[in-house]
$ cat my_file02.cif   # mmCIF, C-alpha atoms and all ligand atoms
data_data
loop_
_atom_site.label_atom_id
_atom_site.label_comp_id
_atom_site.auth_asym_id
_atom_site.auth_seq_id
_atom_site.Cartn_x
_atom_site.Cartn_y
_atom_site.Cartn_z
CA MET A 1 18.62 31.15 -114.91
CA SER A 2 19.73 33.42 -117.75
CA LEU A 3 19.08 32.30 -121.31
CA GLY A 4 22.77 32.71 -122.11
CA ARG A 5 23.70 29.84 -119.80
CA THR A 6 21.19 27.39 -121.16
CA PRO A 7 23.22 26.18 -124.19
CA VAL A 8 26.15 25.65 -121.82
CA ARG A 9 23.97 23.53 -119.57
CA ILE A 10 22.81 21.44 -122.52
CA LEU A 11 26.40 20.96 -123.68
CA MET A 12 27.37 19.85 -120.18
CA LEU A 13 24.48 17.43 -120.18
CA VAL A 14 25.51 15.97 -123.53
CA LEU A 15 29.12 15.68 -122.41
CA ALA A 16 28.21 14.06 -119.12
CA VAL A 17 26.12 11.51 -120.92
CA ALA A 18 28.72 10.86 -123.62
CA VAL A 19 31.29 10.22 -120.89
CA THR A 20 29.13 7.80 -118.96
CA GLY A 21 27.98 6.25 -122.21
CA SER A 22 24.37 6.23 -121.17
CA PHE A 23 22.82 7.88 -124.23
CA ALA A 24 20.93 4.70 -124.95
CA TYR A 25 19.08 5.32 -121.71
CA ALA A 26 17.30 8.32 -123.22
CA PHE A 27 15.77 5.96 -125.76
CA SER A 28 15.14 3.03 -123.48
CA ASN A 29 11.87 2.19 -121.84
CA VAL A 30 12.74 1.40 -118.27
CA ARG A 31 9.65 3.23 -117.03
CA LYS A 32 6.83 1.68 -119.02
CA GLY A 33 4.89 -0.75 -116.83
CA TYR A 34 6.32 0.61 -113.55
CA GLU A 35 3.59 -0.05 -110.99
CA PRO A 36 4.70 0.73 -107.44
CA ARG A 37 2.67 -0.56 -104.48
CA GLN A 38 1.08 2.27 -102.49
CA PRO A 39 0.77 2.62 -98.70
CA ILE A 40 -3.02 2.50 -99.07
CA LEU A 41 -4.78 0.46 -101.71
CA PHE A 42 -6.38 3.41 -103.45
CA ARG A 43 -8.21 2.10 -106.48
CA HIS A 44 -8.90 4.54 -109.32
CA THR A 45 -11.39 1.93 -110.61
CA ARG A 46 -13.52 2.47 -107.50
CA MET A 47 -13.06 6.22 -107.03
CA ALA A 48 -12.87 7.45 -110.64
CA GLY A 49 -14.36 4.55 -112.64
CA THR A 50 -17.77 4.40 -114.31
CA PRO A 51 -20.67 3.32 -112.07
CA VAL A 52 -22.06 -0.20 -112.59
CA TRP A 53 -25.44 -0.70 -110.91
CA GLN A 54 -26.54 -4.15 -109.80
CA THR A 55 -29.42 -5.44 -107.73
CA ASP A 56 -28.25 -7.32 -104.65
CA ALA A 57 -29.94 -10.26 -102.88
CA THR A 58 -32.25 -7.93 -100.92
CA GLY A 59 -33.39 -6.23 -104.13
CA ALA A 60 -31.50 -3.03 -103.36
CA LYS A 61 -29.55 -1.23 -106.10
CA VAL A 62 -25.82 -1.19 -105.40
CA ASN A 63 -22.98 0.38 -107.32
CA VAL A 64 -20.33 -2.30 -107.84
CA GLY A 65 -18.41 -0.07 -110.26
CA GLY A 66 -16.86 3.31 -109.66
CA PHE A 67 -18.01 6.64 -108.28
CA GLY A 68 -16.92 8.60 -111.34
CA ILE A 69 -15.23 11.38 -109.37
CA PRO A 70 -13.63 13.70 -112.00
CA CYS A 71 -9.82 13.57 -112.17
CA VAL A 72 -9.48 17.28 -111.44
CA TYR A 73 -11.46 17.00 -108.19
CA CYS A 74 -8.33 15.35 -106.77
CA HIS A 75 -5.60 16.39 -109.22
CA THR A 76 -6.50 20.05 -109.06
CA MET A 77 -3.64 21.62 -110.99
CA PRO A 78 -3.09 20.07 -114.45
CA TYR A 79 -4.92 22.81 -116.35
CA LYS A 80 -3.39 25.59 -114.26
CA GLY A 81 0.22 24.71 -113.56
CA ARG A 82 3.27 22.59 -114.25
CA HIS A 83 2.39 19.79 -111.89
CA SER A 84 -0.80 17.85 -111.44
CA THR A 85 -0.38 17.33 -107.69
CA VAL A 86 -1.58 14.31 -105.77
CA PRO A 87 -4.40 15.23 -103.35
CA SER A 88 -3.79 15.86 -99.67
CA THR A 89 -5.64 13.66 -97.20
CA ALA A 90 -7.97 16.59 -96.51
CA VAL A 91 -9.48 16.03 -99.98
CA CYS A 92 -10.17 12.39 -99.13
CA MET A 93 -11.61 13.40 -95.76
CA ASN A 94 -14.20 15.61 -97.49
CA CYS A 95 -16.05 12.33 -97.95
CA HIS A 96 -14.32 9.84 -95.69
CA THR A 97 -15.20 11.43 -92.39
CA SER A 98 -18.60 9.86 -93.09
CA VAL A 99 -18.23 7.35 -95.97
CA GLY A 100 -16.74 3.84 -96.00
CA LEU A 101 -15.71 3.97 -92.35
CA GLY A 102 -15.94 0.18 -91.97
CA ARG A 103 -13.35 -0.43 -94.70
CA GLU A 104 -9.85 -1.58 -93.84
CA TRP A 105 -8.05 0.91 -96.12
CA VAL A 106 -10.29 3.78 -95.16
CA LEU A 107 -9.46 3.13 -91.50
CA LYS A 108 -5.76 3.09 -92.34
CA MET A 109 -6.18 6.42 -94.12
CA LYS A 110 -7.95 7.85 -91.08
CA ASP A 111 -4.98 6.73 -88.91
CA TYR A 112 -2.65 8.93 -90.98
CA TRP A 113 -5.16 11.78 -90.74
CA ASP A 114 -5.55 11.45 -86.96
CA ARG A 115 -1.75 11.39 -86.53
CA GLY A 116 -1.47 14.50 -88.74
CA GLU A 117 0.83 12.66 -91.15
CA PRO A 118 0.56 12.90 -94.93
CA ILE A 119 -0.01 9.59 -96.71
CA PRO A 120 3.40 8.65 -98.14
CA TRP A 121 2.20 8.03 -101.73
CA VAL A 122 4.94 6.60 -103.93
CA LYS A 123 5.60 8.61 -107.10
CA VAL A 124 4.66 6.71 -110.22
CA HIS A 125 5.96 9.24 -112.77
CA ASP A 126 9.16 11.09 -111.96
CA LEU A 127 11.23 12.66 -114.75
CA PRO A 128 14.79 13.79 -114.04
CA ASP A 129 15.12 17.41 -112.90
CA PHE A 130 16.88 18.49 -116.09
CA VAL A 131 13.66 17.95 -118.04
CA TYR A 132 11.08 20.73 -118.18
CA TYR A 133 7.50 19.56 -118.47
CA ASP A 134 4.32 21.56 -117.89
CA HIS A 135 0.84 20.01 -117.75
CA SER A 136 -1.11 23.20 -118.40
CA ALA A 137 0.83 24.01 -121.60
CA HIS A 138 -0.21 20.61 -122.95
CA LEU A 139 -3.83 20.52 -121.87
CA ASN A 140 -4.58 24.09 -122.95
CA ALA A 141 -2.80 24.00 -126.35
CA LYS A 142 -5.24 24.72 -129.23
CA ASN A 143 -4.95 24.31 -133.02
CA GLU A 144 -6.02 26.91 -135.64
CA LYS A 145 -9.63 25.70 -135.35
CA GLY A 146 -9.53 26.39 -131.64
CA GLU A 147 -9.74 22.69 -130.75
CA PRO A 148 -7.48 21.18 -128.09
CA LYS A 149 -4.35 19.65 -129.65
CA ILE A 150 -4.40 16.86 -127.05
CA PRO A 151 -7.71 15.34 -128.17
CA ASN A 152 -10.80 15.55 -125.96
CA LYS A 153 -12.95 13.50 -128.37
CA ASP A 154 -12.34 10.44 -130.53
CA ALA A 155 -12.88 10.01 -134.29
CA GLN A 156 -16.62 9.42 -133.71
CA GLY A 157 -16.90 12.61 -131.67
CA LYS A 158 -17.30 10.73 -128.38
CA PRO A 159 -15.70 12.63 -125.48
CA ILE A 160 -12.42 11.22 -124.19
CA ASN A 161 -10.38 12.17 -121.19
CA GLN A 162 -7.38 14.28 -122.28
CA CYS A 163 -5.21 12.61 -119.64
CA GLU A 164 -5.49 9.37 -121.65
CA ALA A 165 -3.08 10.57 -124.35
CA CYS A 166 -0.18 10.10 -121.93
CA HIS A 167 -1.49 8.19 -118.90
CA GLY A 168 -3.92 5.75 -120.53
CA LYS A 169 -7.27 4.90 -118.96
CA VAL A 170 -6.39 5.51 -115.30
CA GLU A 171 -10.02 5.06 -114.27
CA THR A 172 -9.72 1.37 -115.22
CA MET A 173 -6.58 0.77 -113.13
CA GLU A 174 -6.62 -0.93 -109.73
CA ILE A 175 -3.01 0.26 -109.32
CA VAL A 176 -1.67 3.14 -111.42
CA SER A 177 1.13 2.12 -113.77
CA VAL A 178 3.20 4.00 -116.35
CA GLN A 179 1.58 3.49 -119.74
CA ASN A 180 4.23 4.96 -122.04
CA THR A 181 8.02 5.08 -122.07
CA PHE A 182 8.13 8.74 -120.92
CA ASN A 183 11.60 9.03 -122.46
CA MET A 184 12.91 11.69 -124.83
CA GLN A 185 11.96 9.71 -127.92
CA TRP A 186 8.37 9.46 -126.77
CA CYS A 187 8.09 13.22 -126.16
CA LEU A 188 9.63 13.95 -129.57
CA ASP A 189 7.47 11.42 -131.44
CA CYS A 190 4.38 13.29 -130.36
CA HIS A 191 5.91 16.75 -130.80
CA ARG A 192 6.77 15.91 -134.42
CA LYS A 193 3.22 14.91 -135.35
CA PRO A 194 1.86 17.41 -137.91
CA ASP A 195 -1.26 18.15 -135.84
CA MET A 196 0.79 18.84 -132.70
CA LYS A 197 3.32 21.37 -134.04
CA ALA A 198 5.17 21.34 -130.75
CA PRO A 199 8.77 22.47 -130.17
CA THR A 200 11.64 20.04 -130.86
CA ASP A 201 14.63 22.28 -130.03
CA CYS A 202 16.67 21.20 -127.03
CA ILE A 203 16.01 24.41 -125.12
CA ALA A 204 12.26 23.78 -124.96
CA CYS A 205 12.69 20.78 -122.67
CA HIS A 206 16.15 21.44 -121.22
CA ARG A 207 16.19 25.00 -119.95
C1 LIG B 301 -10.51 10.60 -105.27
C2 LIG B 301 -9.29 11.22 -105.72
C3 LIG B 301 -8.73 10.87 -107.09
C4 LIG B 301 -9.38 10.89 -108.30
C5 LIG B 301 -10.84 11.20 -108.59
C6 LIG B 301 -8.39 10.58 -109.30
N1 LIG B 301 -7.17 10.37 -108.70
FE1 LIG B 301 -5.40 9.97 -109.62
N2 LIG B 301 -4.49 9.72 -107.83
C7 LIG B 301 -5.09 9.91 -106.59
C8 LIG B 301 -4.16 9.50 -105.55
C9 LIG B 301 -4.44 9.51 -104.05
C10 LIG B 301 -2.98 9.09 -106.20
C11 LIG B 301 -1.68 8.56 -105.55
C12 LIG B 301 -1.81 7.08 -105.29
C13 LIG B 301 -1.70 6.25 -106.54
O1 LIG B 301 -0.76 6.45 -107.33
O2 LIG B 301 -2.58 5.38 -106.75
C14 LIG B 301 -3.22 9.25 -107.63
C15 LIG B 301 -2.29 8.97 -108.63
C16 LIG B 301 -2.47 9.28 -109.98
C17 LIG B 301 -1.43 9.23 -111.00
C18 LIG B 301 0.02 8.85 -110.76
C19 LIG B 301 0.74 9.99 -110.05
C20 LIG B 301 2.24 9.79 -109.97
O3 LIG B 301 2.75 9.59 -108.87
O4 LIG B 301 2.88 9.83 -111.01
C21 LIG B 301 -1.99 9.59 -112.18
C22 LIG B 301 -1.31 9.70 -113.53
C23 LIG B 301 -3.39 9.85 -111.92
N3 LIG B 301 -3.64 9.65 -110.57
C24 LIG B 301 -4.32 10.20 -112.89
C25 LIG B 301 -5.68 10.30 -112.65
C26 LIG B 301 -6.66 10.45 -113.70
C27 LIG B 301 -6.35 10.52 -115.19
C28 LIG B 301 -7.89 10.51 -113.09
C29 LIG B 301 -9.25 10.60 -113.73
C30 LIG B 301 -9.59 9.53 -114.67
C31 LIG B 301 -7.65 10.42 -111.65
N4 LIG B 301 -6.31 10.27 -111.44
C32 LIG B 301 -8.64 10.50 -110.66
C33 LIG B 301 -6.35 10.40 -106.38
C34 LIG B 301 -7.33 10.54 -107.35
C1 LIG B 302 1.20 15.26 -122.83
C2 LIG B 302 1.27 14.21 -121.83
C3 LIG B 302 0.45 14.32 -120.56
C4 LIG B 302 -0.90 14.56 -120.42
C5 LIG B 302 -1.92 14.82 -121.51
C6 LIG B 302 -1.17 14.49 -118.99
N1 LIG B 302 -0.02 14.21 -118.31
FE1 LIG B 302 0.17 13.90 -116.29
N2 LIG B 302 2.20 13.67 -116.50
C7 LIG B 302 2.88 13.77 -117.70
C8 LIG B 302 4.32 13.73 -117.43
C9 LIG B 302 5.41 13.83 -118.47
C10 LIG B 302 4.46 13.60 -116.02
C11 LIG B 302 5.77 13.50 -115.22
C12 LIG B 302 6.17 14.88 -114.78
C13 LIG B 302 7.45 14.89 -113.98
O1 LIG B 302 7.86 13.84 -113.47
O2 LIG B 302 8.04 15.97 -113.83
C14 LIG B 302 3.10 13.57 -115.47
C15 LIG B 302 2.81 13.45 -114.11
C16 LIG B 302 1.52 13.42 -113.58
C17 LIG B 302 1.20 13.27 -112.16
C18 LIG B 302 2.21 13.16 -111.02
C19 LIG B 302 2.43 14.54 -110.40
C20 LIG B 302 3.18 15.47 -111.30
O3 LIG B 302 2.60 16.44 -111.80
O4 LIG B 302 4.38 15.23 -111.54
C21 LIG B 302 -0.17 13.29 -112.05
C22 LIG B 302 -0.99 13.19 -110.78
C23 LIG B 302 -0.71 13.47 -113.40
N3 LIG B 302 0.35 13.54 -114.29
C24 LIG B 302 -2.06 13.57 -113.69
C25 LIG B 302 -2.57 13.96 -114.92
C26 LIG B 302 -3.98 14.25 -115.16
C27 LIG B 302 -5.08 14.20 -114.12
C28 LIG B 302 -4.08 14.57 -116.50
C29 LIG B 302 -5.33 15.02 -117.27
C30 LIG B 302 -6.07 16.16 -116.72
C31 LIG B 302 -2.74 14.47 -117.09
N4 LIG B 302 -1.85 14.12 -116.09
C32 LIG B 302 -2.43 14.68 -118.42
C33 LIG B 302 2.34 13.85 -118.96
C34 LIG B 302 1.00 14.10 -119.23
C1 LIG B 303 -16.50 12.54 -103.38
C2 LIG B 303 -16.36 11.62 -102.27
C3 LIG B 303 -15.06 10.84 -102.10
C4 LIG B 303 -13.77 11.33 -102.08
C5 LIG B 303 -13.31 12.76 -102.26
C6 LIG B 303 -12.90 10.20 -101.81
N1 LIG B 303 -13.64 9.06 -101.70
FE1 LIG B 303 -12.91 7.19 -101.30
N2 LIG B 303 -14.81 6.43 -101.39
C7 LIG B 303 -15.96 7.17 -101.60
C8 LIG B 303 -17.10 6.26 -101.58
C9 LIG B 303 -18.57 6.66 -101.79
C10 LIG B 303 -16.57 4.97 -101.32
C11 LIG B 303 -17.34 3.65 -101.18
C12 LIG B 303 -17.54 3.33 -99.76
C13 LIG B 303 -18.03 1.94 -99.60
O1 LIG B 303 -17.90 1.13 -100.50
O2 LIG B 303 -18.55 1.65 -98.50
C14 LIG B 303 -15.14 5.11 -101.19
C15 LIG B 303 -14.28 4.06 -100.94
C16 LIG B 303 -12.91 4.18 -100.71
C17 LIG B 303 -12.02 3.09 -100.36
C18 LIG B 303 -12.43 1.61 -100.14
C19 LIG B 303 -13.02 1.06 -101.38
C20 LIG B 303 -12.11 0.24 -102.23
O3 LIG B 303 -12.14 -0.97 -102.08
O4 LIG B 303 -11.40 0.81 -103.06
C21 LIG B 303 -10.76 3.62 -100.24
C22 LIG B 303 -9.48 2.90 -99.87
C23 LIG B 303 -10.87 5.05 -100.52
N3 LIG B 303 -12.18 5.35 -100.80
C24 LIG B 303 -9.80 5.91 -100.51
C25 LIG B 303 -9.88 7.26 -100.81
C26 LIG B 303 -8.75 8.16 -100.84
C27 LIG B 303 -7.32 7.77 -100.52
C28 LIG B 303 -9.23 9.40 -101.19
C29 LIG B 303 -8.45 10.67 -101.39
C30 LIG B 303 -7.36 10.61 -102.31
C31 LIG B 303 -10.67 9.26 -101.38
N4 LIG B 303 -11.03 7.96 -101.16
C32 LIG B 303 -11.51 10.29 -101.73
C33 LIG B 303 -16.04 8.52 -101.80
C34 LIG B 303 -14.97 9.40 -101.86
C1 LIG B 304 0.57 13.47 -126.87
C2 LIG B 304 1.49 14.44 -127.43
C3 LIG B 304 2.60 15.00 -126.57
C4 LIG B 304 3.47 14.31 -125.75
C5 LIG B 304 3.53 12.83 -125.50
C6 LIG B 304 4.36 15.31 -125.20
N1 LIG B 304 4.03 16.55 -125.64
FE1 LIG B 304 4.96 18.32 -125.13
N2 LIG B 304 3.66 19.35 -126.28
C7 LIG B 304 2.59 18.81 -126.97
C8 LIG B 304 1.77 19.87 -127.48
C9 LIG B 304 0.49 19.71 -128.31
C10 LIG B 304 2.37 21.10 -127.09
C11 LIG B 304 1.89 22.52 -127.36
C12 LIG B 304 2.34 23.02 -128.69
C13 LIG B 304 1.80 24.43 -128.90
O1 LIG B 304 0.64 24.56 -129.31
O2 LIG B 304 2.53 25.37 -128.58
C14 LIG B 304 3.57 20.73 -126.34
C15 LIG B 304 4.46 21.66 -125.81
C16 LIG B 304 5.54 21.36 -125.03
C17 LIG B 304 6.49 22.31 -124.50
C18 LIG B 304 6.46 23.83 -124.77
C19 LIG B 304 5.43 24.49 -123.91
C20 LIG B 304 5.99 24.80 -122.57
O3 LIG B 304 5.58 24.18 -121.58
O4 LIG B 304 6.89 25.64 -122.48
C21 LIG B 304 7.39 21.61 -123.75
C22 LIG B 304 8.56 22.17 -122.98
C23 LIG B 304 7.01 20.20 -123.81
N3 LIG B 304 5.89 20.09 -124.60
C24 LIG B 304 7.69 19.17 -123.17
C25 LIG B 304 7.33 17.82 -123.27
C26 LIG B 304 8.07 16.74 -122.63
C27 LIG B 304 9.31 16.92 -121.77
C28 LIG B 304 7.42 15.58 -122.96
C29 LIG B 304 7.78 14.18 -122.57
C30 LIG B 304 8.03 13.90 -121.17
C31 LIG B 304 6.28 15.93 -123.80
N4 LIG B 304 6.27 17.30 -123.96
C32 LIG B 304 5.40 15.00 -124.33
C33 LIG B 304 2.31 17.46 -127.14
C34 LIG B 304 2.95 16.42 -126.49
C1 LIG B 305 10.20 17.35 -126.21
C2 LIG B 305 11.16 17.36 -125.12
C3 LIG B 305 12.63 17.16 -125.40
C4 LIG B 305 13.40 17.79 -126.35
C5 LIG B 305 12.94 18.76 -127.45
C6 LIG B 305 14.75 17.35 -126.13
N1 LIG B 305 14.80 16.49 -125.06
FE1 LIG B 305 16.47 15.64 -124.26
N2 LIG B 305 15.34 14.63 -122.91
C7 LIG B 305 13.98 14.73 -122.80
C8 LIG B 305 13.54 13.82 -121.76
C9 LIG B 305 12.10 13.58 -121.32
C10 LIG B 305 14.70 13.20 -121.25
C11 LIG B 305 14.78 12.21 -120.09
C12 LIG B 305 14.89 10.83 -120.63
C13 LIG B 305 14.79 9.79 -119.57
O1 LIG B 305 15.12 10.06 -118.40
O2 LIG B 305 14.36 8.69 -119.91
C14 LIG B 305 15.82 13.76 -121.98
C15 LIG B 305 17.14 13.39 -121.77
C16 LIG B 305 18.21 13.96 -122.41
C17 LIG B 305 19.61 13.64 -122.13
C18 LIG B 305 20.10 12.70 -121.07
C19 LIG B 305 20.10 11.31 -121.61
C20 LIG B 305 20.26 10.30 -120.54
O3 LIG B 305 21.00 9.37 -120.75
O4 LIG B 305 19.57 10.43 -119.51
C21 LIG B 305 20.37 14.38 -122.99
C22 LIG B 305 21.89 14.41 -123.09
C23 LIG B 305 19.46 15.15 -123.82
N3 LIG B 305 18.17 14.87 -123.45
C24 LIG B 305 19.86 16.01 -124.82
C25 LIG B 305 18.99 16.66 -125.69
C26 LIG B 305 19.44 17.44 -126.84
C27 LIG B 305 20.90 17.67 -127.24
C28 LIG B 305 18.30 17.92 -127.45
C29 LIG B 305 18.18 18.74 -128.72
C30 LIG B 305 18.72 18.11 -129.94
C31 LIG B 305 17.16 17.44 -126.66
N4 LIG B 305 17.63 16.68 -125.62
C32 LIG B 305 15.83 17.75 -126.93
C33 LIG B 305 13.13 15.53 -123.52
C34 LIG B 305 13.52 16.34 -124.58
#
$ encode --input "my_file02.cif" --output "structure tokens"
Amino acid sequence: MSLGRTPVRILMLVLAVAVTGSFAYAFSNVRKGYEPRQPILFRHTRMAGTPVWQTDATGAKVNVGGFGIPCVYCHTMPYKGRHSTVPSTAVCMNCHTSVGLGREWVLKMKDYWDRGEPIPWVKVHDLPDFVYYDHSAHLNAKNEKGEPKIPNKDAQGKPINQCEACHGKVETMEIVSVQNTFNMQWCLDCHRKPDMKAPTDCIACHR
């Protein structure tokens, strides 16, 4: 698309919205809390959560918490591209050809795999197509001191997951839900923060 047409597209967008009277929608929070059921009960708590070791009745040590698999093992793209991507079943099968084979949901996953069908994961976050958003631009942005603008440590210097700024603590979720409004106001509120210095002109997000 040529740059010259972009302002026209924005004007069209504004007009379309003015006509349908849905401007309020841009500032509403219909998304926050959205928590769709998935075809397989994939629990981030179990796969990405922190391990919790307990001794069972036989005296053996068992992990009743999570396996702490790093987010980017499965969501391989957020530092490299626009989208984060949800993993293909092949990623799951790296482990699940041998692990957890007695489990109901693992068996269901293997059924999809054996049939050669992708698991029909339901999208949790899905912005309209007229919005431009890029994960890598956010996660790689640095301030003058060379520190990431999206924080990777808290006030005490303890490391935090950068994904948290927008998605919350996914590793503590049985079912992923939308943690923020993900509307225009929310994007702008963060962009206007002095330590973010991120663009607020229409063209940045509507190109
Ligand atoms: C073992 C693989 C795996 C790991 C590790 C993992 N995820 Fe996921 N993630 C998935 C799968 C599969 C889905 C799709 C099913 C679902 O939404 O629960 C998903 C969904 C998501 C979604 C919602 C995607 C959408 O449709 O909008 C977000 C956000 C997310 N993960 C963030 C994270 C974060 C943050 C971490 C690290 C703390 C993480 N994930 C670790 C596999 C993984
Ligand atoms: C600055 C806010 C922000 C941060 C930080 C962030 N995300 Fe996202 N994420 C979004 C937005 C906005 C969307 C919706 C994109 C869309 O629908 O086009 C999204 C969507 C996703 C999705 C669904 C697939 C996609 O790309 O549309 C996954 C999976 C995901 N994020 C994982 C992650 C992981 C893992 C991290 C940390 C490494 C992370 N995100 C950090 C804002 C963020
Ligand atoms: C790095 C190895 C690894 C990867 C990759 C992996 N898993 Fe797992 N998964 C495990 C282990 C270990 C267990 C625990 C098995 C058990 O409890 O017997 C497990 C358990 C499970 C369970 C049952 C436990 C529960 O109650 O939550 C499901 C469902 C599951 N995984 C789905 C997935 C899906 C879907 C993917 C791909 C998106 C995936 N796993 C990727 C290692 C992995
Ligand atoms: C937690 C804070 C935060 C939130 C929330 C956020 N952003 Fe950003 N955004 C940033 C930062 C930081 C930058 C990078 C500024 C720089 O250093 O250039 C940025 C840059 C951008 C850019 C310019 C870089 C590029 O990719 O071309 C776009 C476009 C953008 N954001 C869109 C969005 C949209 C759309 C949303 C809401 C869905 C959003 N952002 C939510 C912090 C945020
Ligand atoms: C930082 C990113 C960002 C910037 C800058 C931005 N927008 Fe948006 N805008 C969004 C997002 C995200 C949505 C989608 C809201 C939703 O679907 O909830 C949106 C939606 C809209 C809509 C549709 C509203 C509706 O009812 O769905 C219009 C019109 C709009 N923007 C106009 C503008 C104009 C005009 C400007 C400049 C003054 C602007 N935007 C600047 C992120 C941005």
$ residues_near_ligand --input "my_file02.cif" --ligand "ligand LIG 304 (chain B)" --cutoff "6 Å" --atoms "all atoms listed in the file" --output "PyMOL selection string"
chain A and resi 131-134+137-138+141-142+149-150+165-166+182+187+190-191+196-198+204-205
$ residues_near_ligand --input "my_file02.cif" --ligand "ligand LIG 303 (chain B)" --cutoff "7 Å" --atoms "all atoms listed in the file" --output "PDB file with C-alpha atoms, keeping the file's coordinate frame"
ATOM      1  CA  ILE A  40      -3.020   2.500 -99.070  1.00  0.00           C
ATOM      2  CA  LEU A  41      -4.780   0.460-101.710  1.00  0.00           C
ATOM      3  CA  PHE A  42      -6.380   3.410-103.450  1.00  0.00           C
ATOM      4  CA  ARG A  43      -8.210   2.100-106.480  1.00  0.00           C
ATOM      5  CA  ARG A  46     -13.520   2.470-107.500  1.00  0.00           C
ATOM      6  CA  MET A  47     -13.060   6.220-107.030  1.00  0.00           C
ATOM      7  CA  PHE A  67     -18.010   6.640-108.280  1.00  0.00           C
ATOM      8  CA  ILE A  69     -15.230  11.380-109.370  1.00  0.00           C
ATOM      9  CA  CYS A  74      -8.330  15.350-106.770  1.00  0.00           C
ATOM     10  CA  PRO A  87      -4.400  15.230-103.350  1.00  0.00           C
ATOM     11  CA  SER A  88      -3.790  15.860 -99.670  1.00  0.00           C
ATOM     12  CA  THR A  89      -5.640  13.660 -97.200  1.00  0.00           C
ATOM     13  CA  VAL A  91      -9.480  16.030 -99.980  1.00  0.00           C
ATOM     14  CA  CYS A  92     -10.170  12.390 -99.130  1.00  0.00           C
ATOM     15  CA  MET A  93     -11.610  13.400 -95.760  1.00  0.00           C
ATOM     16  CA  ASN A  94     -14.200  15.610 -97.490  1.00  0.00           C
ATOM     17  CA  CYS A  95     -16.050  12.330 -97.950  1.00  0.00           C
ATOM     18  CA  HIS A  96     -14.320   9.840 -95.690  1.00  0.00           C
ATOM     19  CA  VAL A  99     -18.230   7.350 -95.970  1.00  0.00           C
ATOM     20  CA  GLY A 100     -16.740   3.840 -96.000  1.00  0.00           C
ATOM     21  CA  ARG A 103     -13.350  -0.430 -94.700  1.00  0.00           C
ATOM     22  CA  TRP A 105      -8.050   0.910 -96.120  1.00  0.00           C
ATOM     23  CA  VAL A 106     -10.290   3.780 -95.160  1.00  0.00           C
ATOM     24  CA  MET A 109      -6.180   6.420 -94.120  1.00  0.00           C
TER      25      MET A 109
END
$ residues_near_ligand --input "my_file02.cif" --ligand "ligand LIG 302 (chain B)" --cutoff "8 Å" --atoms "only C-alpha atoms and all ligand atoms" --output "PyMOL selection string"
chain A and resi 71-72+75-76+78-79+82-86+123-129+131-135+138-139+150+161-167+182+187
$ closest_residue --input "my_file02.cif" --among "A:Arg37, A:His206, A:Arg192, A:Arg115" --to "Glu174 of chain A" --atoms "all atoms listed in the file"
A:Arg37
$ residues_around --input "my_file02.cif" --residues "Val176 of chain A" --least-positions-apart "6" --cutoff "8 Å" --atoms "all atoms listed in the file" --output "list in words"
Glu35, Pro36, His44, Val124 and Val170 of chain A
$ axis_aligned_box --input "my_file02.cif" --around "ligand LIG 305 (chain B)" --padding-each-side "4 Å" --output "lines of an AutoDock Vina configuration file"
center_x = 16.0
center_y = 13.7
center_z = -124.2
size_x = 19.7
size_y = 18.1
size_z = 19.5
$ closest_residue --input "my_file02.cif" --among "A:Leu188, A:Gln54, A:Asn143, A:Ser98" --to "Cys202 of chain A" --atoms "only C-alpha atoms"
A:Leu188
$ residues_around --input "my_file02.cif" --residues "Glu171 of chain A" --least-positions-apart "4" --cutoff "7 Å" --atoms "only C-alpha atoms" --output "list in words"
His44, Thr45, Ala48 and Gly49 of chain A
